[in-house]
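Only one structure is covered here, and it is reproduced in the block below.
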Amino acid sequence: MKPWKSFCDFEKYYYYHRLNIACLSLPLKPTCNCSSFFSFSVFFYRNCLKMAEEKPKLVAGVWPTVKPFVNGGASGMLATCVIQPIDMIKVRIQLGQGSAFAVTKTMLKNEGVGAFYKGLSAGLLRQATYTTARLAGAIGACVGSPADLALIRMQADATVPAAQRRNYTNAFHALFRITADEGVLALWKGAGPTVVRAMALNMGMLASYDQSVEFFKDNIGLGETSTVIGASTVSGFFAAACSLPFDYVKTQIQKMQPDAEGKYPYTGSLDCVMKTLKSGGPFKFYTGFPVYSVRIAPHVMMTWIFLNQIQKLEKAAGL
């Protein structure tokens with residue numbers, strides 16, 4: 001028996017039984033000499049190890065793909081839990097219930113503290129859909145439009161006579177009732193201004209944040225925490241200024257109800273814009289801007305702060 005033949009048998013046994021890799025195709029009588037066959041064996045062995053190392057990387061590769069969406073949704077939902085009362089006051093002001101002080105006083109007197117968190121389930125659902133998909137821009141707004149519709153209706157329900165109230169108990173009940181009473185397409189009522197509002201808000205929010213971070217960090221020399229807070233505040237202001245006119249139209253469209261004859265006050269977003277301009281002028285679209293800024297700016301600020309903290313925790317955990 002030649003030495004190289006026994007060596008080949010040993011190689012086959014080692015690879016197949018010890019490493020559990022496919023070596024059945026290795027010839028019993030290789031035409032190459034012992035040295036070249038050994039080189040091939042080492043090459044084959046190293047590639048098998050490389051494949052074994054790359055396999056878990058393919059599985060782990062899913063997380064980096066979904067990570068930005070998960071982080072965005074989580075940070076938005078946490079911020080919503082804090083901002084929900086201010087958002088409720090903002091909606092009531094846009095519906096003509098008076099000033100921020102008057103709305104707050106009336107709500108506390110007639111509805112109690114819990115009224116400020118009415119619609120929170122819809123707000124969280126909206127963040128879980130819209131903010132999670134925010135990187136997709138207009139697509140994200142379309143996905144979150146049904147939840148946004150449910151949120152506006154739940155917040156505006158107490159402003160109408162008791163006989164006209166919808167009395168939604170939570171976001172999912174609202175979506176079910178809207179589908180059953182008005183049809184599936186009604187879930188996207190006001191989707192047009194919702195999409196435009198989202199695009200305007202993202203433009204003001206994202207562009208100003210990056211520029212502000214650069215200014216506070218490089219020009220002024222602030223630390224990390226001060227930079228995040230300062231840039232978030234500036235980002236929130238520009239997000240509010242860019243998006244409020246579209247938010248006003250969206251709110252009017254989503255909360256409207258038919259009159260006794262079955263007619264709606266507006267036939268669509270454009271009709272709402274024209275009637276608003278005619279009745280109140282261009283500044284009518286900025287009704288409640290101080291409250292809207294107080295609502296949007298802290299939400300944007302806390303979204304960035306929560307996102308920053310989530311990323312730190314993930315980095316510490318090796319994710």
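Ligands are numbered from 1 in the order shown, chains are lettered A, B, ... in the order of the structure tokens, and residues start at 1 in each chain.
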
Notebook entry, point to check: Neighbours of stretch 104-120 of chain A within 10 Å (only C-alpha atoms; same-chain residues fewer than 3 positions away dropped), as JSON, numbers by chain?
Noted result: {"A": [77, 80, 81, 82, 83, 84, 85, 86, 87, 88, 89, 92, 97, 98, 99, 100, 101, 123, 124, 125, 126, 147, 148, 150, 151, 152, 153, 154, 155, 156, 157, 158, 168, 169, 170, 171, 174]}

Item checked: Selected residue, from A:Leu313, A:Val213, A:Leu222, A:Val143, that lies nearest to A:Trp188 when counting only C-alpha atoms ->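 For A:Trp188, the nearest of the candidates is A:Val143.
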
Notebook entry, point to check: Taking into account only C-alpha atoms, which residue in the set A:Ala191, A:Val196, A:Met302, A:Ala180 is nearest to A:Ala231?
Noted result: A:Met302

Checklist line | Selected residue of minimal separation from A:Pro245 among A:Gly318, A:Gly223, A:Pro282, A:Pro258, counting only C-alpha atoms | finding: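 Using only C-alpha atoms, the shortest distance to A:Pro245 belongs to A:Pro282.
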
Checklist line | Backbone-only DSSP, alpha helix (DSSP H) members of stretch 133-300 of chain A, as a PyMOL selection string | finding: chain A and resi 138-156+171-182+191-214+224-255+269-280+289-300

Next item on the list: Would you work out the distance separating atom CA of A:Glu314 from atom CA of A:Leu206, expressed in Å to one decimal?
Entry: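 Taking atom CA of A:Glu314 and atom CA of A:Leu206, their separation equals 22.2 Å.
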